[in-house]
Amino acid sequence: MKFYLPPQISRLAIAFAVFITLFLVARHFLVPETFGQYGHYRGASLDDNAMPVIHFSGQQACLDCHQDIEDLKLQGPHKGIHCETCHGPGQAHVVSGEAKDIFKPSGREFCGNCHSSNAAKKKETIHQVNMSTKNPGKNCTECHNPHQPWKVKK
Amino acid sequence: MEPQHYKDLYDILAHAQGYIFPNEIDLQWGILIVVYPFITGLVAGAFILASLERVFKVTILKATYQIALLTALSFLLVATLPLISHLSQPQRAYEIMITPHSSSAMAIFGFVYLWYLMVVLLLEIWFDYRHSMVLWSQEKKGVMKWVYKILCLGVTDISPRTLSWDKKLGYIITIIGIPSAFILHGYVGFIFGSIKANPWWSTPLMPIIFLFSAMVSGISLVLLVYMVISRIRKIAIDLSVLDSIGKYLFFVLILDFTLEGLDQIHRIYEANESFEILKLLVSGKLYLTLFVSQGLIGTIIPLITLAFLQFYRGRIKLRKTLYFIVGMLVLVGVYSMRWNVVIGGQLFSKSFSGFTSFKVGLIGLDGTLMAAFWLILPFGILAFLLWLLPPWKMAPEED
């Protein structure tokens with residue numbers, strides 16, 4: 001018996017081949033170049049995630065140069081407070097090493113952020129002062145060492 | 001905190017009852033995700049009805065065969081659109097198709113969908129209509145002549161030998177199509193049933209329940225479409241066709257009801273740690289949509305009416321009206337079932353100690369109007385397909 005291929009089958013086969021080819025061609029152009037570089041995702045997405053500018057350096061970067069300050073701080077209730085809590089983001093300073101790139105807090109209001117008296121704060125856990133009556137007009141750091149504020153300068 | 005934050009917080013807390021986790025306040029899946037399994041179910045159901053005629057040679061259903069196929073196609077073309085319009089970045093929707101991962105149920109679904117559309121539905125319709133399309137391409141003039149020529153893919157051979165191949169191949173496709181339709185809708189159930197963190201969804205019965213409710217809704221839809229088309233064409237509705245579809249609807253509805261009942265009985269008897277919250281869910285927030293809309297209106301009343309119609313052979317007009325009403329009620333019931341699954345599963349906290357609430361919006365990408373649009377669009381496509389490929393003008397079959 002002679003092999004018979006119905007015409008509609010061969011035409012459909014062509015149509016499907018065209019469809020699948022179009023899909024593969026489209027896929028070739030649509031799949032991002034770095035897809036699968038490390039796993040089932042776009043490799044370049046790692047760079048995207050690394051792109052945001054770093055502002056905070058983290059405590060360890062400060063200690064590389066300023067361990068002496070840390071030693072002072074460790075002796076009292078401020079030991080759990082990281083450098084950047086008061087000095088702000090420090091990455092620029094870590095890179096340049098210049099004093100102008102780090103914030104140096106000053107003024108009564110700054111200390112008052114935590115230490116102004118507030119009935120809702122626990123007296124046992126945080127030292128509180130009445131900012132309006134305690135040595136008005138004077139800067140806290142005139143008497144207190146900012147890295148060991150529990151000690152009063154002689 | 002700013003005063004505005006307090007105001008927002010109070011607004012949010014007004015949505016919650018008891019203890020809920022912060023990420024449970026808003027529902028991630030809204031009304032569009034209710035519409036999606038509903039539409040997919042209509043596709044699978046309509047196709048299975050068409051297959052009945054073909055595979056089991058239910059000749060009385062011949063009048064609805066093409067209507068069922070074209071209905072399935074119209075709804076299938078729209079099935080993924082509610083999902084895509086639900087995305088925040090719909091322009092990225094194609095990405096799961098070009099880099100699929102076997103661990104992603106949604107990615108594999110894309111291929112199940114494509115298989116069903118390209119290999120099952122389009123091919124079956126093509127083989128069925130090829131003879132007629134060739135004749136139409138010879139009769140028509142102007143643009144339409146070319147439209148039909150393109151639709152035939154240029155194959156104009158209508159010798160008896162080629163035509164017999166159309167039949168044979170169409171039959172094979174139908175055989176492949178039945179399990180494919182089962183997989184298509186079973187898969188939708190699987191996507192919910194496989195979420196083990198959600199006790200309202202996580203049951204191996206979910207794919208089967210979805211499948212049977214799909215068949216119920218698809219059969220009802222074809223019944224309604226057949227009645228409406230006959231009315232528009234001003235021809236008499238063949239009551240024996242309605243009786244035949246009604247009989248299938250009755251049997252499948254019994255199975256569907258039994259399966260859903262089984263699921264609930266199992267849940268009640270097992271009464272595991274999630275049971276208390278689910279009891280509160282069904283007796284509270286889901287009371288209307290589950291007991292009234294899905295249970296009473298969508299299942300019990302249609303079951304009683306269909307049982308009555310099995311032996312009642314009286315007034316023709318009454319029977320037709322009853323079939324129409326039953327069809328509508330079943331569709332309402334199945335839509336409510338989708339609502340109860342999708343929305344219900346997100347209303348209770350996974351802490352099992354509280355509820356959030358859901359209020360569907362009217363406008364916006366995730367609103368009622370959008371959902372209504374996706375539900376109405378398939379009827380527009382169906383009207384177009386019926387105009388392009390009218391079943392009543394097909395070439396007569398030669399046996």
# chains A, B, ... in the order shown; residues from 1 in each chain; ligands from 1
>>> interface_residues(of="chain B", to="chain A", cutoff="12 Å", atoms="only C-alpha atoms", output="VMD selection string")
chain B and resid 92 94 to 104 114 to 115 118 to 119 122 to 123 126 to 127 130 to 131 134 150 to 170
>>> write_last_selection(atoms="N, CA and C atoms", output="CSV table (one decimal), in the first residue's frame")
chain,number,residue,atom,x,y,z
B,92,ARG,N,4.8,42.1,31.8
B,92,ARG,CA,5.8,41.1,32.0
B,92,ARG,C,5.2,39.7,32.0
B,94,TYR,N,4.4,37.6,29.8
B,94,TYR,CA,4.9,36.6,28.9
B,94,TYR,C,6.2,35.9,29.5
B,95,GLU,N,6.7,36.5,30.6
B,95,GLU,CA,8.0,36.0,31.1
B,95,GLU,C,7.9,34.6,31.6
B,96,ILE,N,6.8,34.2,32.2
B,96,ILE,CA,6.7,32.9,32.8
B,96,ILE,C,6.7,31.9,31.7
B,97,MET,N,6.3,32.3,30.5
B,97,MET,CA,6.2,31.4,29.3
B,97,MET,C,7.6,31.2,28.7
B,98,ILE,N,8.4,32.2,28.7
B,98,ILE,CA,9.7,32.0,28.0
B,98,ILE,C,10.8,31.4,28.9
B,99,THR,N,10.7,31.6,30.2
B,99,THR,CA,11.6,30.9,31.1
B,99,THR,C,10.9,30.1,32.2
B,100,PRO,N,10.1,29.1,31.7
B,100,PRO,CA,9.3,28.4,32.7
B,100,PRO,C,10.2,27.6,33.7
B,101,HIS,N,9.7,27.3,34.8
B,101,HIS,CA,10.4,26.4,35.8
B,101,HIS,C,9.4,25.4,36.2
B,102,SER,N,9.9,24.1,36.2
B,102,SER,CA,9.0,23.0,36.5
B,102,SER,C,8.4,23.1,37.9
B,103,SER,N,9.0,23.9,38.8
B,103,SER,CA,8.4,24.0,40.2
B,103,SER,C,7.3,25.1,40.2
B,104,SER,N,7.1,25.8,39.1
B,104,SER,CA,6.1,26.8,39.2
B,104,SER,C,4.8,26.3,38.5
B,114,LEU,N,-1.7,26.5,26.5
B,114,LEU,CA,-1.4,26.5,25.1
B,114,LEU,C,-1.7,25.2,24.4
B,115,TRP,N,-1.4,24.1,25.1
B,115,TRP,CA,-1.7,22.8,24.5
B,115,TRP,C,-3.1,22.7,24.2
B,118,MET,N,-4.1,25.3,21.3
B,118,MET,CA,-3.6,25.0,20.0
B,118,MET,C,-3.8,23.6,19.5
B,119,VAL,N,-3.6,22.6,20.4
B,119,VAL,CA,-3.6,21.3,19.9
B,119,VAL,C,-5.0,20.6,20.0
B,122,LEU,N,-8.5,24.4,18.9
B,122,LEU,CA,-8.4,25.0,17.5
B,122,LEU,C,-8.4,23.9,16.5
B,123,LEU,N,-7.6,22.8,16.7
B,123,LEU,CA,-7.6,21.7,15.8
B,123,LEU,C,-8.9,21.0,15.6
B,126,TRP,N,-11.0,23.2,13.6
B,126,TRP,CA,-10.5,23.3,12.2
B,126,TRP,C,-10.9,22.1,11.4
B,127,PHE,N,-10.7,20.9,12.0
B,127,PHE,CA,-11.1,19.7,11.3
B,127,PHE,C,-12.6,19.6,11.0
B,130,ARG,N,-13.4,22.4,8.3
B,130,ARG,CA,-12.5,22.6,7.1
B,130,ARG,C,-13.4,22.4,5.8
B,131,HIS,N,-14.2,21.4,5.7
B,131,HIS,CA,-15.0,21.2,4.5
B,131,HIS,C,-15.8,22.4,4.2
B,134,VAL,N,-13.8,25.5,3.1
B,134,VAL,CA,-13.4,25.4,1.7
B,134,VAL,C,-14.6,25.8,0.8
B,150,ILE,N,-7.5,31.7,4.0
B,150,ILE,CA,-6.4,31.7,5.0
B,150,ILE,C,-6.8,30.8,6.1
B,151,LEU,N,-8.1,30.8,6.5
B,151,LEU,CA,-8.5,29.9,7.6
B,151,LEU,C,-8.3,28.4,7.3
B,152,CYS,N,-8.5,28.1,6.0
B,152,CYS,CA,-8.3,26.7,5.6
B,152,CYS,C,-6.8,26.4,5.4
B,153,LEU,N,-5.9,27.4,5.7
B,153,LEU,CA,-4.5,27.3,5.5
B,153,LEU,C,-4.2,26.8,4.0
B,154,GLY,N,-5.1,27.2,3.1
B,154,GLY,CA,-4.8,27.0,1.7
B,154,GLY,C,-5.1,25.5,1.2
B,155,VAL,N,-5.6,24.7,2.2
B,155,VAL,CA,-5.9,23.3,1.7
B,155,VAL,C,-7.3,23.2,1.2
B,156,THR,N,-7.4,23.1,-0.1
B,156,THR,CA,-8.8,23.2,-0.7
B,156,THR,C,-9.3,21.8,-1.1
B,157,ASP,N,-8.5,20.8,-0.8
B,157,ASP,CA,-8.9,19.4,-1.2
B,157,ASP,C,-10.1,19.0,-0.4
B,158,ILE,N,-11.2,18.7,-1.1
B,158,ILE,CA,-12.4,18.2,-0.3
B,158,ILE,C,-12.9,16.9,-1.0
B,159,SER,N,-11.9,16.1,-1.4
B,159,SER,CA,-12.2,14.8,-1.9
B,159,SER,C,-12.7,13.9,-0.8
B,160,PRO,N,-13.5,12.9,-1.1
B,160,PRO,CA,-14.1,12.1,0.0
B,160,PRO,C,-13.0,11.5,0.9
B,161,ARG,N,-11.8,11.2,0.3
B,161,ARG,CA,-10.7,10.6,1.0
B,161,ARG,C,-10.2,11.6,2.1
B,162,THR,N,-9.9,12.8,1.7
B,162,THR,CA,-9.4,13.8,2.6
B,162,THR,C,-10.5,14.1,3.7
B,163,LEU,N,-11.7,14.2,3.3
B,163,LEU,CA,-12.8,14.5,4.2
B,163,LEU,C,-12.9,13.4,5.3
B,164,SER,N,-12.7,12.2,4.8
B,164,SER,CA,-12.8,11.1,5.8
B,164,SER,C,-11.6,11.2,6.8
B,165,TRP,N,-10.5,11.8,6.3
B,165,TRP,CA,-9.4,12.0,7.3
B,165,TRP,C,-9.7,13.1,8.3
B,166,ASP,N,-10.4,14.1,7.8
B,166,ASP,CA,-10.9,15.2,8.7
B,166,ASP,C,-11.6,14.6,9.9
B,167,LYS,N,-12.5,13.7,9.5
B,167,LYS,CA,-13.3,13.0,10.6
B,167,LYS,C,-12.5,12.2,11.5
B,168,LYS,N,-11.6,11.4,10.9
B,168,LYS,CA,-10.8,10.5,11.7
B,168,LYS,C,-9.9,11.3,12.7
B,169,LEU,N,-9.3,12.4,12.1
B,169,LEU,CA,-8.3,13.2,12.9
B,169,LEU,C,-9.1,13.9,14.0
B,170,GLY,N,-10.3,14.5,13.6
B,170,GLY,CA,-11.1,15.2,14.6
B,170,GLY,C,-11.5,14.2,15.8
>>> residues_around(residues="Ser57 (chain A)", least_positions_apart="6", cutoff="9 Å", atoms="only C-alpha atoms", output="PyMOL selection string")
chain A and resi 84+89-94
>>> closest_residue(among="B:Met227, B:Ile108, B:Ile31, B:Leu69", to="Leu242 (chain B)", atoms="only C-alpha atoms")
B:Met227
>>> residues_around(residues="Lys151 (chain A)", least_positions_apart="6", cutoff="12 Å", atoms="only C-alpha atoms", output="ChimeraX atom specification")
/A:72-73,75-78,140-145
>>> closest_residue(among="B:Leu135, B:Leu278, B:Leu81, B:Ile178", to="Phe355 (chain B)", atoms="only C-alpha atoms")
B:Leu278
>>> atom_distance(atom1="CA of Ile175 (chain B)", atom2="CA of Val334 (chain B)")
26.5 Å
>>> atom_distance(atom1="CA of Asp238 (chain B)", atom2="CA of Tyr65 (chain B)")
13.9 Å
>>> atom_distance(atom1="CA of Glu24 (chain B)", atom2="CA of Ile209 (chain B)")
26.4 Å
>>> residues_around(residues="Ser349 (chain B)", least_positions_apart="5", cutoff="9 Å", atoms="only C-alpha atoms", output="list in words")
Tyr19, Ile20, Phe21, Glu24, Ile25, Ile277, Gly354, Phe355 and Thr356 of chain B
>>> closest_residue(among="A:Lys123, A:Gly107, A:Phe19, A:Phe56", to="Pro136 (chain A)", atoms="only C-alpha atoms")
A:Gly107
>>> residues_around(residues="Arg108 (chain A)", least_positions_apart="5", cutoff="8 Å", atoms="only C-alpha atoms", output="CSV table (one decimal) with all heavy atoms, in the first residue's frame")
chain,number,residue,atom,x,y,z
A,131,MET,N,14.8,69.7,80.3
A,131,MET,CA,15.7,70.5,79.5
A,131,MET,C,15.5,72.0,79.7
A,131,MET,O,16.4,72.8,79.5
A,131,MET,CB,15.4,70.2,78.0
A,131,MET,CG,15.5,68.8,77.6
A,131,MET,SD,17.2,68.2,77.8
A,131,MET,CE,18.0,68.9,76.4
A,138,LYS,N,23.4,76.3,78.1
A,138,LYS,CA,24.7,75.6,78.0
A,138,LYS,C,24.6,74.4,77.1
A,138,LYS,O,23.5,73.7,77.1
A,138,LYS,CB,25.2,75.2,79.4
A,138,LYS,CG,25.8,76.4,80.2
A,138,LYS,CD,26.5,75.8,81.4
A,138,LYS,CE,27.7,76.6,81.7
A,138,LYS,NZ,28.4,76.0,82.9
A,139,ASN,N,25.7,74.1,76.5
A,139,ASN,CA,25.8,72.9,75.7
A,139,ASN,C,26.1,71.7,76.6
A,139,ASN,O,27.0,71.8,77.5
A,139,ASN,CB,26.9,73.0,74.7
A,139,ASN,CG,26.5,72.5,73.3
A,139,ASN,OD1,25.6,71.6,73.3
A,139,ASN,ND2,27.1,72.9,72.3
A,140,CYS,N,25.4,70.5,76.4
A,140,CYS,CA,25.6,69.4,77.2
A,140,CYS,C,27.1,69.0,77.3
A,140,CYS,O,27.6,68.6,78.3
A,140,CYS,CB,24.8,68.2,76.8
A,140,CYS,SG,23.0,68.6,76.6
>>> select_by_dssp(residues="region 19-150 of chain A", states="strand (DSSP E)", output="PyMOL selection string")
chain A and resi 144-145+148-150
>>> residues_around(residues="Gln60 (chain A)", least_positions_apart="4", cutoff="10 Å", atoms="only C-alpha atoms", output="VMD selection string")
chain A and resid 64 to 67 82 to 83
>>> write_last_selection(atoms="N, CA, C and O atoms", output="CSV table (one decimal), in the first residue's frame")
chain,number,residue,atom,x,y,z
A,64,ASP,N,37.5,49.9,62.9
A,64,ASP,CA,38.8,49.7,62.3
A,64,ASP,C,39.8,50.8,62.6
A,64,ASP,O,41.0,50.6,62.7
A,65,CYS,N,39.3,52.1,62.8
A,65,CYS,CA,40.1,53.2,63.1
A,65,CYS,C,39.9,53.7,64.5
A,65,CYS,O,40.8,54.2,65.2
A,66,HIS,N,38.6,53.6,65.0
A,66,HIS,CA,38.2,54.3,66.3
A,66,HIS,C,38.0,53.3,67.4
A,66,HIS,O,37.1,53.5,68.2
A,67,GLN,N,38.7,52.3,67.5
A,67,GLN,CA,38.5,51.3,68.6
A,67,GLN,C,38.7,52.0,70.0
A,67,GLN,O,38.0,51.6,70.9
A,82,HIS,N,25.1,52.1,68.5
A,82,HIS,CA,26.1,52.1,67.4
A,82,HIS,C,26.5,53.5,67.1
A,82,HIS,O,25.8,54.5,67.2
A,83,CYS,N,27.8,53.7,66.5
A,83,CYS,CA,28.3,55.0,66.2
A,83,CYS,C,27.4,55.8,65.3
A,83,CYS,O,27.1,57.0,65.5
>>> decode(residues="region 110-124 of chain A", atoms="all heavy atoms", output="CSV table (one decimal), in the first residue's frame")
chain,number,residue,atom,x,y,z
A,110,PHE,N,19.9,67.9,70.5
A,110,PHE,CA,20.3,66.5,70.1
A,110,PHE,C,20.3,65.5,71.2
A,110,PHE,O,19.7,64.5,71.1
A,110,PHE,CB,21.7,66.6,69.4
A,110,PHE,CG,22.1,65.3,68.8
A,110,PHE,CD1,21.6,65.0,67.5
A,110,PHE,CD2,22.8,64.3,69.5
A,110,PHE,CE1,21.9,63.7,67.0
A,110,PHE,CE2,23.1,63.1,69.0
A,110,PHE,CZ,22.6,62.8,67.7
A,111,CYS,N,20.8,65.9,72.3
A,111,CYS,CA,20.8,65.0,73.5
A,111,CYS,C,19.4,64.8,74.0
A,111,CYS,O,19.0,63.7,74.5
A,111,CYS,CB,21.7,65.5,74.6
A,111,CYS,SG,23.4,65.8,74.1
A,112,GLY,N,18.6,65.9,73.9
A,112,GLY,CA,17.2,65.9,74.4
A,112,GLY,C,16.4,64.9,73.6
A,112,GLY,O,15.3,64.5,74.1
A,113,ASN,N,16.8,64.6,72.4
A,113,ASN,CA,16.0,63.6,71.6
A,113,ASN,C,15.7,62.4,72.5
A,113,ASN,O,14.6,61.8,72.4
A,113,ASN,CB,16.8,63.2,70.4
A,113,ASN,CG,16.6,64.2,69.2
A,113,ASN,OD1,15.6,64.9,69.2
A,113,ASN,ND2,17.6,64.2,68.3
A,114,CYS,N,16.7,62.0,73.3
A,114,CYS,CA,16.5,60.8,74.1
A,114,CYS,C,16.3,61.1,75.6
A,114,CYS,O,15.6,60.5,76.3
A,114,CYS,CB,17.7,59.9,74.0
A,114,CYS,SG,18.0,59.2,72.3
A,115,HIS,N,17.0,62.2,76.0
A,115,HIS,CA,17.0,62.4,77.4
A,115,HIS,C,16.1,63.5,78.0
A,115,HIS,O,16.1,63.7,79.2
A,115,HIS,CB,18.5,62.7,77.8
A,115,HIS,CG,19.4,61.6,77.6
A,115,HIS,ND1,19.4,60.4,78.4
A,115,HIS,CD2,20.4,61.3,76.7
A,115,HIS,CE1,20.3,59.6,78.0
A,115,HIS,NE2,20.9,60.1,76.9
A,116,SER,N,15.3,64.1,77.2
A,116,SER,CA,14.3,65.1,77.8
A,116,SER,C,13.3,64.3,78.5
A,116,SER,O,12.9,63.2,78.1
A,116,SER,CB,13.7,65.9,76.7
A,116,SER,OG,13.0,65.1,75.8
A,117,SER,N,12.8,64.8,79.6
A,117,SER,CA,11.9,64.0,80.5
A,117,SER,C,10.6,63.8,79.8
A,117,SER,O,10.1,64.7,79.2
A,117,SER,CB,11.8,64.7,81.9
A,117,SER,OG,11.5,66.0,81.7
A,118,ASN,N,10.1,62.6,80.0
A,118,ASN,CA,8.9,62.2,79.4
A,118,ASN,C,8.3,61.2,80.3
A,118,ASN,O,8.9,60.2,80.6
A,118,ASN,CB,9.2,61.6,78.0
A,118,ASN,CG,7.9,61.3,77.2
A,118,ASN,OD1,6.9,60.9,77.8
A,118,ASN,ND2,8.0,61.4,75.9
A,119,ALA,N,7.0,61.4,80.7
A,119,ALA,CA,6.4,60.5,81.7
A,119,ALA,C,6.2,59.1,81.1
A,119,ALA,O,6.2,58.1,81.9
A,119,ALA,CB,5.0,61.0,82.1
A,120,ALA,N,6.2,58.9,79.8
A,120,ALA,CA,6.0,57.6,79.2
A,120,ALA,C,7.3,56.8,79.2
A,120,ALA,O,7.2,55.6,79.0
A,120,ALA,CB,5.5,57.8,77.8
A,121,LYS,N,8.5,57.4,79.4
A,121,LYS,CA,9.7,56.7,79.4
A,121,LYS,C,10.0,56.1,80.8
A,121,LYS,O,9.7,56.8,81.8
A,121,LYS,CB,10.9,57.6,79.0
A,121,LYS,CG,10.9,58.0,77.5
A,121,LYS,CD,12.1,58.8,77.3
A,121,LYS,CE,12.0,59.5,75.9
A,121,LYS,NZ,12.9,60.7,75.8
A,122,LYS,N,10.6,55.0,80.8
A,122,LYS,CA,10.9,54.4,82.1
A,122,LYS,C,12.2,55.1,82.7
A,122,LYS,O,13.2,55.2,82.1
A,122,LYS,CB,11.2,52.9,82.0
A,122,LYS,CG,10.0,52.1,82.0
A,122,LYS,CD,10.4,50.6,82.1
A,122,LYS,CE,9.1,49.8,82.3
A,122,LYS,NZ,9.5,48.4,82.4
A,123,LYS,N,12.0,55.6,84.0
A,123,LYS,CA,13.2,56.3,84.6
A,123,LYS,C,14.3,55.4,84.8
A,123,LYS,O,15.5,55.8,84.8
A,123,LYS,CB,12.7,56.9,85.9
A,123,LYS,CG,11.9,58.2,85.7
A,123,LYS,CD,11.7,58.8,87.1
A,123,LYS,CE,10.9,60.1,86.9
A,123,LYS,NZ,9.6,60.1,87.7
A,124,GLU,N,14.0,54.1,85.0
A,124,GLU,CA,15.1,53.1,85.4
A,124,GLU,C,16.0,52.9,84.2
A,124,GLU,O,17.2,52.5,84.3
A,124,GLU,CB,14.5,51.8,85.9
A,124,GLU,CG,13.7,51.9,87.1
A,124,GLU,CD,12.3,52.3,86.8
A,124,GLU,OE1,11.8,52.2,85.7
A,124,GLU,OE2,11.6,52.9,87.8
